[in-house]
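Visitor: Mind having a look at this structure? Questions to follow.
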Amino acid sequence: MSDDILVEVRDLKVHFPIRRGVIFDRTVGHVKAVDGVDLRIPRGKTYGLVGESGCGKSTLGRALLQLNPPTSGEVSFDGVELTTLPAGKLRTMRRRMQMIFQDPMSSLDPRQNVESILTEGLQTHGIGTDRDDRRRIIGETLDKVGLPRWALSRYPHEFSGGQRQRIGIARALVLGPELIVADEPVSALDVSIQAQVVNLLDELQETLGLTYLVIAHDLAVVRHISDTVGVMYLGALVEEAPADRLYNEPLHPYTRALMSAVPVPDPDVEDRRERILLSGDLPSPANPPSGCRFHTRCPWAQPTRCADERPVLRDIGGSRVACHFAEPIASGELRPHQVKTQLTRPAGEGEEPHSVSAPSEPGSYV
Amino acid sequence: MTISPSKKKEKIDRLAETAARDDERGVSLWQEAFRRLRRNPAAIIGTVILALFVLVALVGPLLVPHAPDAQLWKGEVRLGDFPGPRAENWFGTDQLGRDEFSRMIVGARQTLLVGIVATLIGLAVGSLIGGVAGAAAGLGGRWGRAIDNVLMRFIDMLLAMPSLLLAISIAALLGAGLTTVMIAVGVVSVPVFARLLRGSMIAQSNSDYVLAATSLGVKKPKIALTHVVPNSLAPVIVQATLTLATAIIEAAALSFLGLGNNDASIPEWGVMLADAQPYLDSAPRLAILPAVAIIITALGFTLLGEAMREALDPKLRK
Amino acid sequence: MALLEVEDLSVTFARRGQRTVHAVDGVSFSVDAGEVVGLVGESGCGKSVTSLAIMGLLPKQPGLAVGGKAVFDGTDLLQLDDRSRRDIRGRDIAMIFQDPLSSLNPVIPIGLQVTEVLTRHRGMKGAAAEKEAAELLDRVGIPDPRRRLKEYPHQLSGGMRQRALIAMAVACQPRLLIADEPTTALDVTIQAQILELLKGLVRDSDTALLMITHDLGVVAGMCDTVNVLYAGRVVETARRRPLFREPRHPYTVGLLGSVPRLDAGRGERLNAIPGSVRDVLPWPDGCAFAPRCERRVDACVGEPPALVLAHHGRSYRCVNPAPVAGYAPGDDVRAVVPTQAQPGSVPAQAVPDDPPTVPGLGPAPREEESA
């Protein structure tokens, strides 16, 4: 494994104050959007961050880029500590770390044409000697993301969703960054367009040696694109592992539940898999549960420790897991209790494998 | 790794796409809005009314048959009986024997001037306050919120005063006259513009493209000027057009109350309306004519403003 | 006789000075009692418009024209007047929408909204209605239903709101439930809960479910029969397993190749469909998918591809479908129904066994048949 770490995040916290009051604001509490996250992203690799809405993954991405000021903790980028960097130096650093947004429409200024969208960053950082030089750089970037040259004089609303996302990628790419934080880069796109953009991101990483932090709620997308995957729940990482390992051997109960909930476009898989249905909803991040944050919904929660002691991430055979009982759960020693969850096994529902008789299966003629 | 087939596909796709589109330049949102505007009948009617009005205001005074302040038919004026419409005086004469038609035409220029200058005052001052407040609140952090608070409380104070009362007190301060009317009406419209621009800017400041510009490393003042302000202008422009209509009416009201221009040589519709008051019985046309003129002009601005709102509203954009 | 039989449904929006938009263009499909049928497609394919047209919920506006038939239990829904349609809606056919917050009235407590349905369609009143409402909420898995009845929509989480909406939909034991992207706005663990709930309701009550979604994973887990839509037309219809195992229409093939799968490894390149739906043919009559299609042949652009009724009740609209192992290209084609002659009107079973010569079918695919 390479030790060339580009980004290191240490105990990062982002708390948003909740203000009340008619005349004078009082801070009545904090939404702990990100509450103590450590992670490292090696150069040239992709770190995938998954979690459901409200788990703090987007806030983490923005705090990493110093777009949301972190409450505490450290973020070091290529050895430079960003949280204490003066504003001017930070702006200069931004050239090296860029962001791709979820909604390609709202992240592009509707009144700028593509050329001025792409020129803005170049001008800010004084890249390119003159207009022609900048045009050359922009042209090359358009080629990289697969947009035609005529796009330059057009406006965002004249493009389809997929093309708009390419413009957003070009805007990030034109500065020649090393790190790209992609916040739900494909979730606003149609399936067939999603695949184009995922392929493009893959290609760009290959040719330009980019480092990605991909934030998404879609586990399949993250699995597809990431080397390492971190799973977030209520502002903290609950599990982090190499992508394949995480998907083959999820250790944290939340990871298991999350993966079992993702629909797979294959009826055979769908009919056979066992679903762990979590009960209830995500607790409020303003008032997170004590101890392990997941214990209120965890099918494996134990009367001891879970409710009082917050588990830390610890190494278990290559994964980092924040669960007191990861080993006994993995070995099957601890069984999920039926009381708290609806554990369903889809037996005898839908199409029975044998009721789809041979004649309706074209392949079975062979 | 086999990646060739889909790469090939994508290449073909790019070629096909390039071929499918002609090479004409892109259409900006402003251009699109203008296209929509041109298709809207309300916009056309409004524009025609306003074009006529502006034309009359610009060239009318040069072509009028009689001087507006010359009391040419003074001899024919009797108490409660002024010369009515006839060949030489299309709208008859007023109580002082002046040609009403000429006075109406010349009055258009005054009315237009008052409306435009008053709106410009409101627009300029309001946008300045609103723009600073909006930029400060949207992008400025803790100090920004403080600046915004101070400015907006000032605007709240302006807003809390009844507009007519405010205008009257300004008039009382500066003395009656055309300038007073313009300033008074302008000041009254300041809060509208300020709050509108501020609100619009704060909403835009939270948008993703502002975040994107921040992440590019663009400085905040530049973000405010190049991204936030241009995207916040549409409602302000619409409001300016609508304010022109209300400004004309308000100016007329102030003139009617006697705070406006008292120079008889320069007629103004509001003053004419006020002067006609004693003769409502005997010569109602003296009141009706300026009133109708004011209403039609205000209607023209309102029609255009509403059409512009429709054209610029992003929610109606496909 | 199927419970719902949609035949040659078309929805067009005509606007002055603009080209007429065919949002739905000759869509035919059927839903049997107790069956789960999927309408799958990407945004703009006409799946939601189809369901709204069936329910008579399309906003009335000049230039809107709905054609074809939607026969529910012997009654053509499209011919009904507003009043009788309202009676059917909610009682026999109920609908669930994507965004539960905007489907619920924000200023009325949940309980009142549920009892309103009970009062209107089942004539229940007062305490009886309230008791039934609480039972309904309980049935859709809302904990502490008595208390929830008094709460307002904004006090519930997204998943709970969708459950409340489902409770209202099933209040009158409808025979058909139309769910339009019911889980798209929800998180994946909540989605799993809701899908499980819908499956259970269908299984226990013999309600038919028309599931409108863009998510092939959801379809794979739920639907008995799947209709794939593209640009306002049903391009392929098949039972669930055959569809996923051996998609015939190139668009279906492309969709399945585009989805990243949880059980596939890192870095496997996705087989994206090139281009976007906005790509149009220079010839307006051809197959709408042709500009993006890998298997495009000359015959694709002349006229809209006819409906091909293939083996085992499958059908597709393609002149050059993806090959299936064990079939010679001509073999699987049992009949071709020209588009003009109401495609849905020829039932698959009535088609003779010997393959007729097919007019309008493009040149047979030459490559990769041996595989």
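Just remember, in the structure tokens the first chain shown is A, the second B, etc., residues are 1-based per chain, and ligands are 1-based in the order shown.
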Based on only C-alpha atoms, which of the residues in chain A come within 7 Å of chain C? I want them as number ranges by chain.
Guide: A: 52-53, 190-192, 195-196, 199, 219-221, 223-226, 244, 258, 261-267, 270-271, 277-278, 360-361, 363, 365-366
Visitor: Write down as an NGL selection string the residues belonging to region 166-324 of chain A that are assigned alpha helix (DSSP H) by DSSP computed on the backbone.
Guide: :A and (166-173 or 191-208 or 219-225 or 243-248 or 253-261 or 267-272)
Visitor: Counting only C-alpha atoms, give me one row per residue of chain A with an atom at most 8 Å from an atom of chain B, showing the shortest contact pair and its distance in Å to one decimal, sorted by chain then residue number, as JSON lines.
Guide:
```
{"residue": "A:Leu65", "atom": "CA", "partner": "B:Ser215", "partner_atom": "CA", "distance": 7.5}
{"residue": "A:Leu67", "atom": "CA", "partner": "B:Ser215", "partner_atom": "CA", "distance": 7.0}
{"residue": "A:Leu90", "atom": "CA", "partner": "B:Gly217", "partner_atom": "CA", "distance": 8.0}
{"residue": "A:Arg91", "atom": "CA", "partner": "B:Gly217", "partner_atom": "CA", "distance": 4.6}
{"residue": "A:Thr92", "atom": "CA", "partner": "B:Gly217", "partner_atom": "CA", "distance": 6.8}
{"residue": "A:Arg94", "atom": "CA", "partner": "B:Gly217", "partner_atom": "CA", "distance": 5.6}
{"residue": "A:Arg95", "atom": "CA", "partner": "B:Leu216", "partner_atom": "CA", "distance": 6.6}
{"residue": "A:Gln98", "atom": "CA", "partner": "B:Ser215", "partner_atom": "CA", "distance": 6.4}
{"residue": "A:Met99", "atom": "CA", "partner": "B:Ser215", "partner_atom": "CA", "distance": 6.9}
{"residue": "A:Phe101", "atom": "CA", "partner": "B:Asp208", "partner_atom": "CA", "distance": 7.5}
{"residue": "A:Ser106", "atom": "CA", "partner": "B:Asp208", "partner_atom": "CA", "distance": 5.7}
{"residue": "A:Ser107", "atom": "CA", "partner": "B:Tyr209", "partner_atom": "CA", "distance": 4.0}
{"residue": "A:Leu108", "atom": "CA", "partner": "B:Tyr209", "partner_atom": "CA", "distance": 5.1}
{"residue": "A:Asp109", "atom": "CA", "partner": "B:Tyr209", "partner_atom": "CA", "distance": 5.6}
{"residue": "A:Pro110", "atom": "CA", "partner": "B:Leu29", "partner_atom": "CA", "distance": 7.2}
{"residue": "A:Arg111", "atom": "CA", "partner": "B:Leu29", "partner_atom": "CA", "distance": 6.2}
{"residue": "A:Gln112", "atom": "CA", "partner": "B:Ser28", "partner_atom": "CA", "distance": 7.9}
{"residue": "A:Asn113", "atom": "CA", "partner": "B:Ser28", "partner_atom": "CA", "distance": 7.5}
{"residue": "A:Glu120", "atom": "CA", "partner": "B:Val218", "partner_atom": "CA", "distance": 7.9}
{"residue": "A:Gly121", "atom": "CA", "partner": "B:Leu216", "partner_atom": "CA", "distance": 5.6}
{"residue": "A:Thr124", "atom": "CA", "partner": "B:Val218", "partner_atom": "CA", "distance": 5.9}
{"residue": "A:His125", "atom": "CA", "partner": "B:Gly217", "partner_atom": "CA", "distance": 7.8}
{"residue": "A:Gly146", "atom": "CA", "partner": "B:Arg14", "partner_atom": "CA", "distance": 7.1}
{"residue": "A:Leu147", "atom": "CA", "partner": "B:Arg14", "partner_atom": "CA", "distance": 7.5}
{"residue": "A:Pro148", "atom": "CA", "partner": "B:Thr18", "partner_atom": "CA", "distance": 6.5}
{"residue": "A:Trp150", "atom": "CA", "partner": "B:Asp23", "partner_atom": "CA", "distance": 6.4}
{"residue": "A:Ser153", "atom": "CA", "partner": "B:Gly26", "partner_atom": "CA", "distance": 5.3}
{"residue": "A:Arg154", "atom": "CA", "partner": "B:Gly26", "partner_atom": "CA", "distance": 3.8}
{"residue": "A:Tyr155", "atom": "CA", "partner": "B:Ser28", "partner_atom": "CA", "distance": 6.0}
{"residue": "A:Glu158", "atom": "CA", "partner": "B:Gly26", "partner_atom": "CA", "distance": 7.6}
{"residue": "A:Ala172", "atom": "CA", "partner": "B:Leu216", "partner_atom": "CA", "distance": 7.7}
```
Visitor: Next, dump the selected residues to file, keeping only C-alpha atoms, as an mmCIF file, in the first residue's frame.
Guide:
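Wrote out_4.cif, looks like this:
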```cif
data_model
loop_
_atom_site.group_PDB
_atom_site.id
_atom_site.type_symbol
_atom_site.label_atom_id
_atom_site.label_comp_id
_atom_site.auth_asym_id
_atom_site.auth_seq_id
_atom_site.Cartn_x
_atom_site.Cartn_y
_atom_site.Cartn_z
ATOM 1 C CA LEU A 65 -12.395 21.959 1.376
ATOM 2 C CA LEU A 67 -16.156 25.720 2.449
ATOM 3 C CA LEU A 90 -6.183 29.133 1.202
ATOM 4 C CA ARG A 91 -7.539 30.712 -1.977
ATOM 5 C CA THR A 92 -4.288 29.892 -3.733
ATOM 6 C CA ARG A 94 -8.004 25.968 -3.960
ATOM 7 C CA ARG A 95 -6.448 25.521 -7.348
ATOM 8 C CA GLN A 98 -11.838 21.213 -6.572
ATOM 9 C CA MET A 99 -15.419 20.189 -6.188
ATOM 10 C CA PHE A 101 -21.694 19.223 -7.331
ATOM 11 C CA SER A 106 -27.965 24.892 -9.767
ATOM 12 C CA SER A 107 -24.193 24.683 -9.580
ATOM 13 C CA LEU A 108 -23.718 26.536 -12.860
ATOM 14 C CA ASP A 109 -24.445 30.250 -12.990
ATOM 15 C CA PRO A 110 -27.370 30.413 -15.430
ATOM 16 C CA ARG A 111 -26.277 33.776 -16.778
ATOM 17 C CA GLN A 112 -22.736 32.793 -17.687
ATOM 18 C CA ASN A 113 -21.896 30.984 -20.872
ATOM 19 C CA GLU A 120 -13.353 32.305 -14.112
ATOM 20 C CA GLY A 121 -11.053 29.893 -12.336
ATOM 21 C CA THR A 124 -8.634 33.881 -10.474
ATOM 22 C CA HIS A 125 -5.427 31.929 -10.370
ATOM 23 C CA GLY A 146 -16.162 15.043 -24.044
ATOM 24 C CA LEU A 147 -17.839 18.321 -24.832
ATOM 25 C CA PRO A 148 -17.733 19.858 -28.303
ATOM 26 C CA TRP A 150 -19.350 24.866 -29.857
ATOM 27 C CA SER A 153 -20.738 30.139 -26.466
ATOM 28 C CA ARG A 154 -23.732 28.292 -25.040
ATOM 29 C CA TYR A 155 -25.472 28.708 -21.718
ATOM 30 C CA GLU A 158 -29.165 24.778 -23.391
ATOM 31 C CA ALA A 172 -13.123 21.709 -11.715
#
```
Visitor: So which residues touch Val31 (chain A) within 7 Å, counting only C-alpha atoms, skipping near sequence neighbours fewer than 3 positions away, as number ranges by chain?
Guide: A: 15-18, 285-286
Visitor: Write a file of the just-selected residues containing C-alpha atoms, as a PDB file, in the first residue's frame.
Guide:
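Wrote it out as selection.pdb, contents follow:
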```
ATOM      1  CA  HIS A  15     -21.325  21.713  14.668  1.00  0.00           C
ATOM      2  CA  PHE A  16     -23.987  24.112  13.486  1.00  0.00           C
ATOM      3  CA  PRO A  17     -25.499  26.258  16.229  1.00  0.00           C
ATOM      4  CA  ILE A  18     -29.287  26.211  16.568  1.00  0.00           C
ATOM      5  CA  PRO A 285     -28.289  14.891  14.804  1.00  0.00           C
ATOM      6  CA  ALA A 286     -29.103  17.691  17.254  1.00  0.00           C
TER       7      ALA A 286
END
```
Visitor: Residues within 10 Å of region 42-58 of chain B, please, as a VMD selection string. Count only C-alpha atoms; anything in the same chain fewer than 3 positions from it doesn't count.
Guide: chain B and resid 36 to 39 61 to 63 104 to 113 293 296 to 308 310 to 311
Visitor: Take CA of Glu236 (chain C) and CA of Ser315 (chain C) and report the distance between them in Å, one decimal.
Guide: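 Separating CA of Glu236 (chain C) from CA of Ser315 (chain C) is a distance of 5.7 Å.
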Visitor: Excluding region 96-112 of chain C and residues on its chain fewer than 3 positions from it, collect all residues at most 8 Å away from it, counting only C-alpha atoms, and give them as a list in words.
Guide: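 Near region 96-112 of chain C, the qualifying residues are Thr115, Glu116, Glu130, Ala133, Ala134, Arg148, Leu149, Lys150, Glu151, Tyr152, Pro153, His154, Gly158, Arg161, Gln162, Ala164, Leu165, Ile166, Ala169, Leu177, Ile178, Ala179, Asp180, Glu181, Pro182, Thr183, Thr184 and Ala185 of chain C.
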Visitor: Those selected residues, please, written with C-alpha atoms and delivered as a PDB file, in the first residue's frame.
Guide:
```pdb
ATOM      1  CA  THR C 115     -60.869   9.717   8.045  1.00  0.00           C
ATOM      2  CA  GLU C 116     -61.882  12.025   5.218  1.00  0.00           C
ATOM      3  CA  GLU C 130     -61.141   7.252  13.808  1.00  0.00           C
ATOM      4  CA  ALA C 133     -57.881   5.208  10.707  1.00  0.00           C
ATOM      5  CA  ALA C 134     -55.755   4.194  13.659  1.00  0.00           C
ATOM      6  CA  ARG C 148     -49.971  10.203  15.130  1.00  0.00           C
ATOM      7  CA  LEU C 149     -53.551  10.835  14.053  1.00  0.00           C
ATOM      8  CA  LYS C 150     -53.403  14.211  15.735  1.00  0.00           C
ATOM      9  CA  GLU C 151     -50.077  15.196  14.184  1.00  0.00           C
ATOM     10  CA  TYR C 152     -49.492  17.334  11.124  1.00  0.00           C
ATOM     11  CA  PRO C 153     -47.560  16.142   8.071  1.00  0.00           C
ATOM     12  CA  HIS C 154     -44.466  18.221   8.871  1.00  0.00           C
ATOM     13  CA  GLY C 158     -40.296  11.261   5.138  1.00  0.00           C
ATOM     14  CA  ARG C 161     -45.350  10.439   5.640  1.00  0.00           C
ATOM     15  CA  GLN C 162     -45.126   7.939   2.818  1.00  0.00           C
ATOM     16  CA  ALA C 164     -49.452   7.705   5.996  1.00  0.00           C
ATOM     17  CA  LEU C 165     -50.058   8.258   2.303  1.00  0.00           C
ATOM     18  CA  ILE C 166     -50.128   4.535   1.707  1.00  0.00           C
ATOM     19  CA  ALA C 169     -54.456   4.889  -0.448  1.00  0.00           C
ATOM     20  CA  LEU C 177     -52.805   0.853  -6.552  1.00  0.00           C
ATOM     21  CA  ILE C 178     -50.723   3.140  -8.732  1.00  0.00           C
ATOM     22  CA  ALA C 179     -47.406   4.055  -7.133  1.00  0.00           C
ATOM     23  CA  ASP C 180     -45.481   6.784  -8.938  1.00  0.00           C
ATOM     24  CA  GLU C 181     -41.840   6.651  -7.803  1.00  0.00           C
ATOM     25  CA  PRO C 182     -42.994   5.941  -4.243  1.00  0.00           C
ATOM     26  CA  THR C 183     -39.501   5.571  -2.813  1.00  0.00           C
ATOM     27  CA  THR C 184     -37.388   7.897  -4.921  1.00  0.00           C
ATOM     28  CA  ALA C 185     -37.350  10.650  -2.322  1.00  0.00           C
TER      29      ALA C 185
END
```
Visitor: Just how far from CA of Leu64 (chain C) is CA of Val49 (chain C), in Å to one decimal?
Guide: 11.7 Å
Visitor: Using only C-alpha atoms, pick whichever of C:Lys131, C:Gly34, C:Arg16, C:Gly63 has the shortest atom-to-atom distance to chain B.
Guide: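 Using only C-alpha atoms, chain B sits closest to C:Arg16.
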Visitor: Measure the distance from CA of Pro304 (chain C) to CA of Gly286 (chain C) in Å and round it to one decimal.
Guide: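 Between these atoms lies a distance of 4.7 Å.
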Visitor: Would you please give, as a list in words, all residues of region 41-223 of chain B that DSSP assigns to strand (DSSP E or B) based on the backbone?
Guide: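 Residues of region 41-223 of chain B classed as strand (DSSP E or B): Arg78, Asp81, Thr93 and Asp99 of chain B.
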Visitor: Near Glu206 (chain A), within 12 Å and counting only C-alpha atoms, which residues show up once chain neighbours fewer than 4 positions away are dropped, as a ChimeraX atom specification?
Guide: /A:44-46,144,199-202,210-212,225 /C:267
Visitor: Please provide as a PyMOL selection string all residues within 12 Å of Thr83 (chain A), with the sequence filter that same-chain residues fewer than 4 positions apart are discarded (counting only C-alpha atoms).
Guide: chain A and resi 8-10+12-13+63-77+87+89-90
Visitor: Taking only C-alpha atoms into account, name the residue in C:Gly74, C:Pro291, C:Pro250, C:Gly38 that is nearest to chain B.
Guide: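 Among the listed residues, C:Pro291 lies closest to chain B.
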Visitor: Using only C-alpha atoms, find the one residue out of C:Glu132, C:Glu294, C:Asp204, C:Thr252 that sits nearest to chain B.
Guide: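 Looking only at the distances to chain B, the closest residue turns out to be C:Glu294.
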Visitor: So, with only C-alpha atoms as the atoms that count, which of B:Val150, B:Val185, B:Leu233, B:Val192 lies closest to Ala252 (chain B)?
Guide: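 When distances to Ala252 (chain B) are compared using only C-alpha atoms, the smallest one comes from B:Val185.
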